[in-house]
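Source file entry_6.pdb; content: PDB, C-alpha atoms and all ligand atoms.
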ATOM      1  CA  MET A 958      11.716   3.046-145.288
ATOM      2  CA  SER A 959      13.882   1.810-142.438
ATOM      3  CA  VAL A 960      16.319  -1.008-143.131
ATOM      4  CA  LEU A 961      16.323  -3.782-140.523
ATOM      5  CA  PHE A 962      19.050  -6.033-141.895
ATOM      6  CA  GLU A 963      21.742  -5.165-144.373
ATOM      7  CA  VAL A 964      24.417  -7.723-145.155
ATOM      8  CA  ALA A 965      27.114  -7.359-147.752
ATOM      9  CA  GLY A 966      29.812  -9.628-149.142
ATOM     10  CA  LEU A 967      29.263 -12.500-146.707
ATOM     11  CA  CYS A 968      31.686 -15.384-147.128
ATOM     12  CA  PHE A 969      31.355 -18.549-145.126
ATOM     13  CA  ALA A 970      32.811 -22.065-145.219
ATOM     14  CA  TYR A 971      32.439 -24.821-142.641
ATOM     15  CA  PRO A 972      35.822 -26.179-141.503
ATOM     16  CA  ARG A 973      37.527 -28.267-144.174
ATOM     17  CA  ARG A 974      34.569 -27.817-146.564
ATOM     18  CA  PRO A 975      34.223 -25.821-149.779
ATOM     19  CA  PRO A 976      32.664 -22.353-149.332
ATOM     20  CA  VAL A 977      28.892 -22.185-148.830
ATOM     21  CA  LEU A 978      28.579 -18.398-149.154
ATOM     22  CA  THR A 979      30.985 -16.552-151.435
ATOM     23  CA  ASP A 980      29.486 -13.070-151.726
ATOM     24  CA  ALA A 981      25.993 -12.961-150.190
ATOM     25  CA  THR A 982      24.384  -9.540-150.097
ATOM     26  CA  MET A 983      20.819  -8.598-149.106
ATOM     27  CA  THR A 984      18.679  -6.107-147.243
ATOM     28  CA  LEU A 985      15.425  -6.429-145.338
ATOM     29  CA  ALA A 986      13.326  -3.306-144.936
ATOM     30  CA  ALA A 987      10.424  -2.712-142.548
ATOM     31  CA  GLY A 988       7.188  -4.171-143.879
ATOM     32  CA  GLU A 989       8.871  -6.683-146.198
ATOM     33  CA  ARG A 990       8.284 -10.415-146.262
ATOM     34  CA  LEU A 991      11.412 -11.624-148.027
ATOM     35  CA  ALA A 992      11.418 -15.216-149.247
ATOM     36  CA  ILE A 993      14.714 -17.012-149.778
ATOM     37  CA  THR A 994      14.800 -20.048-151.988
ATOM     38  CA  GLY A 995      17.547 -22.085-153.605
ATOM     39  CA  PRO A 996      18.741 -25.663-154.031
ATOM     40  CA  ASN A 997      19.177 -28.074-151.114
ATOM     41  CA  GLY A 998      22.492 -27.423-149.439
ATOM     42  CA  ALA A 999      22.879 -23.960-151.019
ATOM     43  CA  GLY A1000      23.389 -22.391-147.583
ATOM     44  CA  LYS A1001      20.008 -20.834-146.735
ATOM     45  CA  SER A1002      19.913 -22.062-143.131
ATOM     46  CA  THR A1003      23.587 -21.170-142.786
ATOM     47  CA  LEU A1004      22.821 -17.605-143.908
ATOM     48  CA  MET A1005      19.948 -17.319-141.417
ATOM     49  CA  GLN A1006      22.173 -18.544-138.589
ATOM     50  CA  ILE A1007      24.809 -15.955-139.555
ATOM     51  CA  LEU A1008      22.179 -13.179-139.385
ATOM     52  CA  VAL A1009      21.620 -13.870-135.682
ATOM     53  CA  GLY A1010      25.239 -14.634-134.801
ATOM     54  CA  LEU A1011      24.954 -18.406-134.374
ATOM     55  CA  LEU A1012      27.673 -18.750-137.019
ATOM     56  CA  THR A1013      30.449 -16.269-137.783
ATOM     57  CA  PRO A1014      31.277 -15.436-141.406
ATOM     58  CA  GLN A1015      34.898 -15.345-142.539
ATOM     59  CA  ALA A1016      34.248 -12.063-144.361
ATOM     60  CA  GLY A1017      31.477  -9.553-144.904
ATOM     61  CA  ARG A1018      29.494  -6.950-143.027
ATOM     62  CA  ILE A1019      26.275  -7.363-141.023
ATOM     63  CA  VAL A1020      24.214  -4.319-140.068
ATOM     64  CA  ALA A1021      21.108  -5.077-138.004
ATOM     65  CA  PHE A1022      18.699  -2.559-136.502
ATOM     66  CA  GLY A1023      20.929   0.322-137.514
ATOM     67  CA  ALA A1024      24.239  -0.884-136.068
ATOM     68  CA  GLU A1025      27.088  -3.004-137.368
ATOM     69  CA  ARG A1026      27.252  -6.348-135.546
ATOM     70  CA  ARG A1027      30.570  -8.059-134.996
ATOM     71  CA  VAL A1028      30.878  -9.777-131.632
ATOM     72  CA  GLU A1029      28.649 -12.063-129.549
ATOM     73  CA  ALA A1030      27.376  -9.197-127.338
ATOM     74  CA  ASP A1031      26.125  -7.398-130.482
ATOM     75  CA  PHE A1032      24.267 -10.518-131.586
ATOM     76  CA  GLN A1033      22.602 -11.064-128.204
ATOM     77  CA  GLU A1034      20.675  -7.874-128.889
ATOM     78  CA  VAL A1035      19.944  -9.001-132.469
ATOM     79  CA  ARG A1036      18.509 -12.294-131.137
ATOM     80  CA  ARG A1037      16.237 -10.386-128.736
ATOM     81  CA  ARG A1038      14.875  -8.298-131.601
ATOM     82  CA  ALA A1039      14.756 -10.965-134.329
ATOM     83  CA  GLY A1040      12.763 -14.091-133.474
ATOM     84  CA  TYR A1041      14.029 -17.294-135.087
ATOM     85  CA  VAL A1042      11.556 -20.093-135.808
ATOM     86  CA  PHE A1043      13.676 -23.223-136.327
ATOM     87  CA  GLN A1044      13.098 -25.692-139.116
ATOM     88  CA  ASP A1045      12.287 -28.465-136.635
ATOM     89  CA  PRO A1046       9.782 -27.511-133.872
ATOM     90  CA  ASP A1047      11.318 -30.209-131.653
ATOM     91  CA  ASP A1048      14.450 -28.012-131.485
ATOM     92  CA  GLN A1049      12.325 -25.144-130.144
ATOM     93  CA  LEU A1050       9.846 -26.840-127.800
ATOM     94  CA  PHE A1051      11.160 -28.431-124.634
ATOM     95  CA  CYS A1052       8.527 -27.959-121.896
ATOM     96  CA  PRO A1053       5.792 -30.426-120.885
ATOM     97  CA  THR A1054       2.874 -28.149-121.767
ATOM     98  CA  VAL A1055       2.152 -25.546-124.414
ATOM     99  CA  ALA A1056       1.632 -22.825-121.782
ATOM    100  CA  GLU A1057       5.043 -23.487-120.228
ATOM    101  CA  ASP A1058       6.771 -23.437-123.611
ATOM    102  CA  VAL A1059       5.136 -20.169-124.695
ATOM    103  CA  ALA A1060       5.546 -18.534-121.254
ATOM    104  CA  PHE A1061       9.233 -19.469-121.023
ATOM    105  CA  GLY A1062      10.519 -16.416-122.913
ATOM    106  CA  PRO A1063       8.240 -13.817-121.275
ATOM    107  CA  LEU A1064       9.042 -15.218-117.799
ATOM    108  CA  ASN A1065      12.751 -14.943-118.654
ATOM    109  CA  LEU A1066      12.191 -11.316-119.603
ATOM    110  CA  GLY A1067      10.871 -10.722-116.068
ATOM    111  CA  LEU A1068       7.097 -10.824-116.543
ATOM    112  CA  SER A1069       5.028 -12.122-113.618
ATOM    113  CA  ARG A1070       3.286 -15.492-113.984
ATOM    114  CA  ALA A1071      -0.090 -13.760-114.509
ATOM    115  CA  GLU A1072       1.382 -11.389-117.126
ATOM    116  CA  ALA A1073       3.101 -14.277-118.913
ATOM    117  CA  LEU A1074      -0.140 -16.289-119.002
ATOM    118  CA  ALA A1075      -1.935 -13.294-120.507
ATOM    119  CA  VAL A1076       0.725 -13.225-123.245
ATOM    120  CA  VAL A1077       0.280 -16.983-123.737
ATOM    121  CA  ASP A1078      -3.465 -16.566-124.337
ATOM    122  CA  GLN A1079      -2.906 -13.618-126.658
ATOM    123  CA  VAL A1080      -0.343 -15.310-128.905
ATOM    124  CA  LEU A1081      -2.154 -18.658-128.961
ATOM    125  CA  ALA A1082      -5.238 -16.787-130.175
ATOM    126  CA  ARG A1083      -3.094 -15.074-132.803
ATOM    127  CA  VAL A1084      -2.005 -18.435-134.246
ATOM    128  CA  GLY A1085      -5.492 -19.932-133.934
ATOM    129  CA  LEU A1086      -4.687 -22.273-131.037
ATOM    130  CA  GLU A1087      -7.125 -20.979-128.427
ATOM    131  CA  GLY A1088      -7.675 -23.624-125.773
ATOM    132  CA  PHE A1089      -4.251 -25.265-126.320
ATOM    133  CA  ARG A1090      -2.738 -23.835-123.119
ATOM    134  CA  ASP A1091      -2.727 -27.084-121.156
ATOM    135  CA  ARG A1092      -2.035 -29.477-124.010
ATOM    136  CA  ILE A1093       0.977 -31.787-123.715
ATOM    137  CA  THR A1094       3.504 -30.424-126.211
ATOM    138  CA  HIS A1095       5.008 -33.708-127.393
ATOM    139  CA  LYS A1096       1.551 -35.103-128.175
ATOM    140  CA  LEU A1097       0.678 -32.299-130.612
ATOM    141  CA  SER A1098       0.587 -32.914-134.356
ATOM    142  CA  GLY A1099       3.482 -31.647-136.471
ATOM    143  CA  GLY A1100       1.396 -28.708-137.711
ATOM    144  CA  GLU A1101       0.272 -27.762-134.215
ATOM    145  CA  LYS A1102       3.866 -27.944-132.954
ATOM    146  CA  ARG A1103       4.942 -25.574-135.715
ATOM    147  CA  LEU A1104       2.245 -23.062-134.767
ATOM    148  CA  VAL A1105       3.253 -23.344-131.095
ATOM    149  CA  SER A1106       6.884 -22.653-132.125
ATOM    150  CA  LEU A1107       5.686 -19.516-133.871
ATOM    151  CA  ALA A1108       3.648 -18.571-130.771
ATOM    152  CA  CYS A1109       6.776 -18.989-128.585
ATOM    153  CA  VAL A1110       8.662 -16.559-130.814
ATOM    154  CA  LEU A1111       5.760 -14.073-131.057
ATOM    155  CA  ALA A1112       5.514 -14.063-127.247
ATOM    156  CA  MET A1113       8.898 -12.294-127.225
ATOM    157  CA  GLU A1114       7.472  -9.474-129.379
ATOM    158  CA  PRO A1115      10.255  -9.550-131.985
ATOM    159  CA  GLU A1116      10.636  -6.784-134.549
ATOM    160  CA  VAL A1117      11.631  -9.272-137.251
ATOM    161  CA  LEU A1118      10.758 -12.924-137.800
ATOM    162  CA  LEU A1119      13.153 -15.429-139.327
ATOM    163  CA  LEU A1120      11.431 -18.612-140.431
ATOM    164  CA  ASP A1121      13.292 -21.632-141.769
ATOM    165  CA  GLU A1122      11.035 -23.735-144.015
ATOM    166  CA  PRO A1123       7.896 -23.130-141.952
ATOM    167  CA  THR A1124       5.642 -25.215-144.231
ATOM    168  CA  ASN A1125       7.871 -28.287-144.137
ATOM    169  CA  ALA A1126       5.619 -31.337-143.589
ATOM    170  CA  LEU A1127       2.448 -29.231-143.317
ATOM    171  CA  ASP A1128      -0.682 -30.236-145.230
ATOM    172  CA  GLU A1129      -2.411 -27.820-147.603
ATOM    173  CA  ASP A1130      -4.930 -26.526-145.061
ATOM    174  CA  THR A1131      -2.332 -25.871-142.373
ATOM    175  CA  THR A1132      -0.041 -24.237-144.956
ATOM    176  CA  ALA A1133      -2.918 -21.951-145.993
ATOM    177  CA  ARG A1134      -3.644 -21.180-142.343
ATOM    178  CA  LEU A1135       0.006 -20.378-141.643
ATOM    179  CA  SER A1136       0.119 -18.135-144.735
ATOM    180  CA  GLU A1137      -2.833 -16.132-143.460
ATOM    181  CA  ILE A1138      -1.298 -15.841-139.979
ATOM    182  CA  LEU A1139       2.020 -14.615-141.408
ATOM    183  CA  ARG A1140       0.302 -12.165-143.768
ATOM    184  CA  GLY A1141      -1.579 -10.734-140.792
ATOM    185  CA  LEU A1142       1.533 -10.085-138.695
ATOM    186  CA  PRO A1143       3.052  -6.604-138.626
ATOM    187  CA  GLN A1144       6.656  -7.831-138.447
ATOM    188  CA  ALA A1145       9.033  -7.856-141.386
ATOM    189  CA  MET A1146      10.222 -11.384-142.038
ATOM    190  CA  ILE A1147      12.703 -13.541-143.880
ATOM    191  CA  VAL A1148      11.217 -16.879-144.842
ATOM    192  CA  ILE A1149      13.225 -19.749-146.299
ATOM    193  CA  SER A1150      10.912 -21.814-148.457
ATOM    194  CA  HIS A1151      11.056 -24.374-151.245
ATOM    195  CA  ASP A1152       7.289 -24.087-151.770
ATOM    196  CA  PRO A1153       6.555 -21.759-154.739
ATOM    197  CA  HIS A1154       2.838 -21.556-153.974
ATOM    198  CA  PHE A1155       3.504 -20.528-150.369
ATOM    199  CA  ARG A1156       6.112 -17.986-151.518
ATOM    200  CA  ARG A1157       3.640 -16.449-153.966
ATOM    201  CA  ARG A1158       1.093 -16.179-151.177
ATOM    202  CA  ILE A1159       3.262 -14.481-148.598
ATOM    203  CA  ALA A1160       6.375 -12.941-150.121
ATOM    204  CA  THR A1161       6.673  -9.310-151.067
ATOM    205  CA  ARG A1162      10.070 -10.168-152.640
ATOM    206  CA  THR A1163      12.084 -13.314-153.367
ATOM    207  CA  LEU A1164      15.819 -13.942-153.557
ATOM    208  CA  ARG A1165      17.475 -17.147-154.689
ATOM    209  CA  LEU A1166      20.667 -18.381-153.053
ATOM    210  CA  GLN A1167      22.822 -20.115-155.602
ATOM    211  CA  GLN A1168      26.559 -20.653-155.813
ATOM    212  CA  GLY A1169      27.085 -18.626-152.679
ATOM    213  CA  ARG A1170      25.278 -15.497-153.843
ATOM    214  CA  LEU A1171      21.759 -14.094-153.497
ATOM    215  CA  VAL A1172      20.188 -13.220-156.823
ATOM    216  CA  THR A1173      16.785 -12.068-158.010
ATOM    217  CA  PRO A1174      15.158 -15.090-159.656
ATOM    218  CA  GLN A1175      14.400 -14.732-163.340
ATOM    219  CA  PRO A1176      10.770 -15.318-164.311
ATOM    220  CA  VAL A1177      10.257 -18.721-165.916
ATOM    221  CA  CYS A1178       9.853 -18.334-169.681
ATOM    222  CA  ARG A1179       7.465 -21.059-170.877
ATOM    223  CA  HIS A1180       8.456 -20.577-174.500
ATOM    224  CA  ALA A1181      12.219 -20.538-174.008
ATOM    225  CA  GLY A1182      13.936 -21.901-177.048
ATOM    226  CA  MET A1183      10.765 -21.849-179.166
ATOM    227  CA  GLY A1184      10.999 -18.400-180.699
ATOM    228  CA  ALA A1185      13.183 -16.547-183.161
TER     229      ALA A1185
HETATM  230  N1  LIG B   1      27.845 -28.022-139.110
HETATM  231  C1  LIG B   1      28.169 -28.283-140.373
HETATM  232  N2  LIG B   1      29.392 -28.756-140.687
HETATM  233  C2  LIG B   1      29.751 -29.004-141.965
HETATM  234  N3  LIG B   1      28.930 -28.791-143.011
HETATM  235  C3  LIG B   1      27.706 -28.322-142.768
HETATM  236  C4  LIG B   1      27.256 -28.051-141.427
HETATM  237  N4  LIG B   1      25.983 -27.579-141.487
HETATM  238  C5  LIG B   1      25.656 -27.568-142.793
HETATM  239  N5  LIG B   1      26.680 -28.023-143.553
HETATM  240  C6  LIG B   1      26.706 -28.126-145.031
HETATM  241  O1  LIG B   1      26.654 -26.812-145.563
HETATM  242  C7  LIG B   1      25.852 -26.776-146.742
HETATM  243  C8  LIG B   1      24.728 -25.753-146.564
HETATM  244  O2  LIG B   1      23.822 -26.232-145.585
HETATM  245  P1  LIG B   1      22.472 -25.455-145.260
HETATM  246  O3  LIG B   1      21.740 -26.270-144.251
HETATM  247  O4  LIG B   1      22.779 -24.044-144.913
HETATM  248  O5  LIG B   1      21.742 -25.498-146.672
HETATM  249  P2  LIG B   1      20.231 -25.162-147.042
HETATM  250  O6  LIG B   1      20.271 -24.306-148.264
HETATM  251  O7  LIG B   1      19.512 -24.623-145.851
HETATM  252  O8  LIG B   1      19.693 -26.625-147.429
HETATM  253  P3  LIG B   1      18.211 -27.271-147.424
HETATM  254  O9  LIG B   1      17.405 -26.565-148.464
HETATM  255  O10 LIG B   1      18.503 -28.702-147.815
HETATM  256  O11 LIG B   1      17.666 -27.142-146.016
HETATM  257  C9  LIG B   1      25.366 -28.207-146.950
HETATM  258  O12 LIG B   1      26.225 -28.820-147.867
HETATM  259  C10 LIG B   1      25.510 -28.848-145.585
HETATM  260  O13 LIG B   1      25.755 -30.245-145.673
END

Could I get this file's structure written as structure tokens?
Ligand SMILES: Nc1ncnc2c1ncn2[C@@H]1O[C@H](COP(=O)(O)OP(=O)(O)OP(=O)(O)O)[C@@H](O)[C@H]1O
Amino acid sequence: MSVLFEVAGLCFAYPRRPPVLTDATMTLAAGERLAITGPNGAGKSTLMQILVGLLTPQAGRIVAFGAERRVEADFQEVRRRAGYVFQDPDDQLFCPTVAEDVAFGPLNLGLSRAEALAVVDQVLARVGLEGFRDRITHKLSGGEKRLVSLACVLAMEPEVLLLDEPTNALDEDTTARLSEILRGLPQAMIVISHDPHFRRRIATRTLRLQQGRLVTPQPVCRHAGMGA
């Protein structure tokens, strides 16, 4: 199975702060939906930003799509191939209407207006927002904004999806809807999530970031301390 991301020994500290990552190692293979969990402030968003070159680790190795990535030019290609859905949709959406937001990426890639609008319709249908083309973005509900953010990223046809707490502030129905959408996508993905129910629904594997390292979580033992 082809490996899409392979990172080893990542160390990272923000200036004048204690280290966030001390030895983070993980791989993402095609077809996987890898969930990352861990305490608040453990460094999950930091790790995701390092994967696409928005932050530079002090040590460690990043291989993405078969090549080692070191400098900004390497990461520009990574960002084209790995679509990042930010934690806050307001960081992702900046156009007056949904159609303009979703068409922004495809138009930048050189598609004609008609081609871009065809992509808009296709991805809005994929996230269950048919008929939202002309809606005013800032008037959408939080859940709708999140789905539009995902549509914006899907419009770029990424090979990998990186989602930072996609169910944050979603109600149960919208969370269930998002789970089904994600399960139906062909892309491998890394999903940061604090929501165990959501992780169980979508993840093919889970890693926990704690004390700067990624570890396989131990199953909870309900009878710990009760036995012999
Ligand atoms: N730009 C920054 N400068 C200094 N410290 C930062 C910066 N960004 C994040 N931090 C700190 O780095 C640590 C890791 O932050 P990060 O957002 O990666 O954690 P997280 O695991 O995603 O947390 P959460 O689950 O709460 O979203 C936190 O202590 C945070 O306060």

Shortest interatomic distance to ligand LIG 1 (chain B) - which of A:Ser959, A:Ser1106, A:Ser1069, A:Asn997, counting all atoms listed in the file | A:Asn997

Give me, as CSV, the closest atom pair and its distance (Å, one decimal) for every residue of chain A within a cut-off of 12 Å of ligand LIG 1 (chain B), counting all atoms listed in the file, rows sorted by chain and rising number.
residue,atom,partner,partner_atom,distance
A:Phe969,CA,B:LIG1,O1,9.5
A:Ala970,CA,B:LIG1,O1,7.8
A:Tyr971,CA,B:LIG1,C2,5.0
A:Pro972,CA,B:LIG1,C2,6.7
A:Arg973,CA,B:LIG1,C2,8.1
A:Arg974,CA,B:LIG1,N3,6.7
A:Pro975,CA,B:LIG1,O1,8.7
A:Pro976,CA,B:LIG1,O1,8.4
A:Val977,CA,B:LIG1,C7,5.9
A:Leu978,CA,B:LIG1,C8,8.7
A:Ile993,CA,B:LIG1,O6,9.3
A:Thr994,CA,B:LIG1,O9,7.9
A:Gly995,CA,B:LIG1,O6,6.4
A:Pro996,CA,B:LIG1,O9,5.8
A:Asn997,CA,B:LIG1,O10,3.4
A:Gly998,CA,B:LIG1,O5,3.5
A:Ala999,CA,B:LIG1,O6,3.8
A:Gly1000,CA,B:LIG1,O4,3.2
A:Lys1001,CA,B:LIG1,O6,3.8
A:Ser1002,CA,B:LIG1,O7,3.8
A:Thr1003,CA,B:LIG1,O4,3.7
A:Leu1004,CA,B:LIG1,O4,6.5
A:Met1005,CA,B:LIG1,O4,8.1
A:Gln1006,CA,B:LIG1,O4,8.4
A:Ile1007,CA,B:LIG1,O4,9.9
A:Leu1011,CA,B:LIG1,N1,11.1
A:Leu1012,CA,B:LIG1,N1,9.5
A:Phe1043,CA,B:LIG1,O11,11.2
A:Gln1044,CA,B:LIG1,O11,8.4
A:Asp1045,CA,B:LIG1,O11,10.9
A:Leu1120,CA,B:LIG1,O7,11.4
A:Asp1121,CA,B:LIG1,O7,8.0
A:Glu1122,CA,B:LIG1,O11,7.7
A:Pro1123,CA,B:LIG1,O11,11.3
A:Asn1125,CA,B:LIG1,O11,10.0
A:Val1148,CA,B:LIG1,O7,11.4
A:Ile1149,CA,B:LIG1,O7,8.0
A:Ser1150,CA,B:LIG1,O9,8.0
A:His1151,CA,B:LIG1,O9,7.3
A:Asp1152,CA,B:LIG1,O9,10.9
A:Arg1165,CA,B:LIG1,O6,10.0
A:Leu1166,CA,B:LIG1,O6,7.6
A:Gln1167,CA,B:LIG1,O6,8.8
A:Gln1168,CA,B:LIG1,O6,10.5
A:Gly1169,CA,B:LIG1,C8,9.7
A:Arg1170,CA,B:LIG1,O6,11.6
A:Leu1171,CA,B:LIG1,O6,11.6

Separating CA of Ala1056 in chain A from CA of Leu1142 in chain A, to the nearest tenth of an Å, is a gap of 21.2 Å

Measure the distance from CA of Leu1139 in chain A to CA of Gly988 in chain A in Å and round it to one decimal.
->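 According to the coordinates, CA of Leu1139 in chain A and CA of Gly988 in chain A are separated by 11.9 Å.
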
Residues matched by the PyMOL selection byres (((chain A and resi 1072-1089) around 10) and not hetatm), written as a PyMOL selection string | chain A and resi 1054-1071+1090-1094+1097+1101+1104-1105+1107-1114+1134-1135+1137-1139+1141-1142

Considering all atoms listed in the file, give me a table of residues in range 1047-1138 of chain A that are at most 7 Å from range 1025-1038 of chain A, with the closest atom pair and distance in Å for each, as a tab-separated table.
residue	atom	partner	partner_atom	distance
A:Pro1115	CA	A:Arg1038	CA	4.8
A:Glu1116	CA	A:Arg1038	CA	5.4
A:Val1117	CA	A:Arg1038	CA	6.6

Range 1157-1162 of chain A environment, 7 Å, all atoms listed in the file, sequence neighbours closer than 4 positions dropped, as an MDAnalysis selection string = chainID A and resid 989:992 1136 1140 1153

May I ask which of the residues A:Leu1118, A:Pro1174, A:Gly1099, A:Ala1024 is the closest one to Pro1143 in chain A, counting all atoms listed in the file?
->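 Among the listed residues, A:Leu1118 lies closest to Pro1143 in chain A.
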
Report the distance between CA of Ile1147 in chain A and CA of Lys1102 in chain A in Å, rounded to one decimal place.
-> 20.1 Å

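With the shown file loaded, the PyMOL selection byres (((chain A and resi 982) around 9) and not hetatm) picks out Glu963, Val964, Ala965, Gly966, Leu967, Asp980, Ala981, Met983, Thr984, Gly1017, Arg1170, Leu1171 and Val1172 of chain A.
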
Find the residue from A:Met1146, A:Arg1156, A:Thr1163, A:His1095 that sits nearest to Asp1048 in chain A; use all atoms listed in the file when measuring.
-> A:His1095

As lines of an AutoDock Vina configuration file: centre and edge lengths in Å, one decimal, of the axis-aligned box holding range 1115-1119 of chain A with 5 Å per side:
center_x = 11.7
center_y = -11.1
center_z = -135.7
size_x = 12.9
size_y = 18.6
size_z = 17.3

Non-local contacts of Ala1021 in chain A (6 Å; all atoms listed in the file; under 2 positions in same chain excluded) as a list in words =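 The contact residues come out as Leu961, Phe962, Gly1023 and Ala1024 of chain A.
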
Selected residue, from A:Thr979, A:Arg1103, A:Glu1129, A:Leu985, that lies nearest to Leu1164 in chain A when counting only C-alpha atoms |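 Smallest distance to Leu1164 in chain A is found for A:Leu985.
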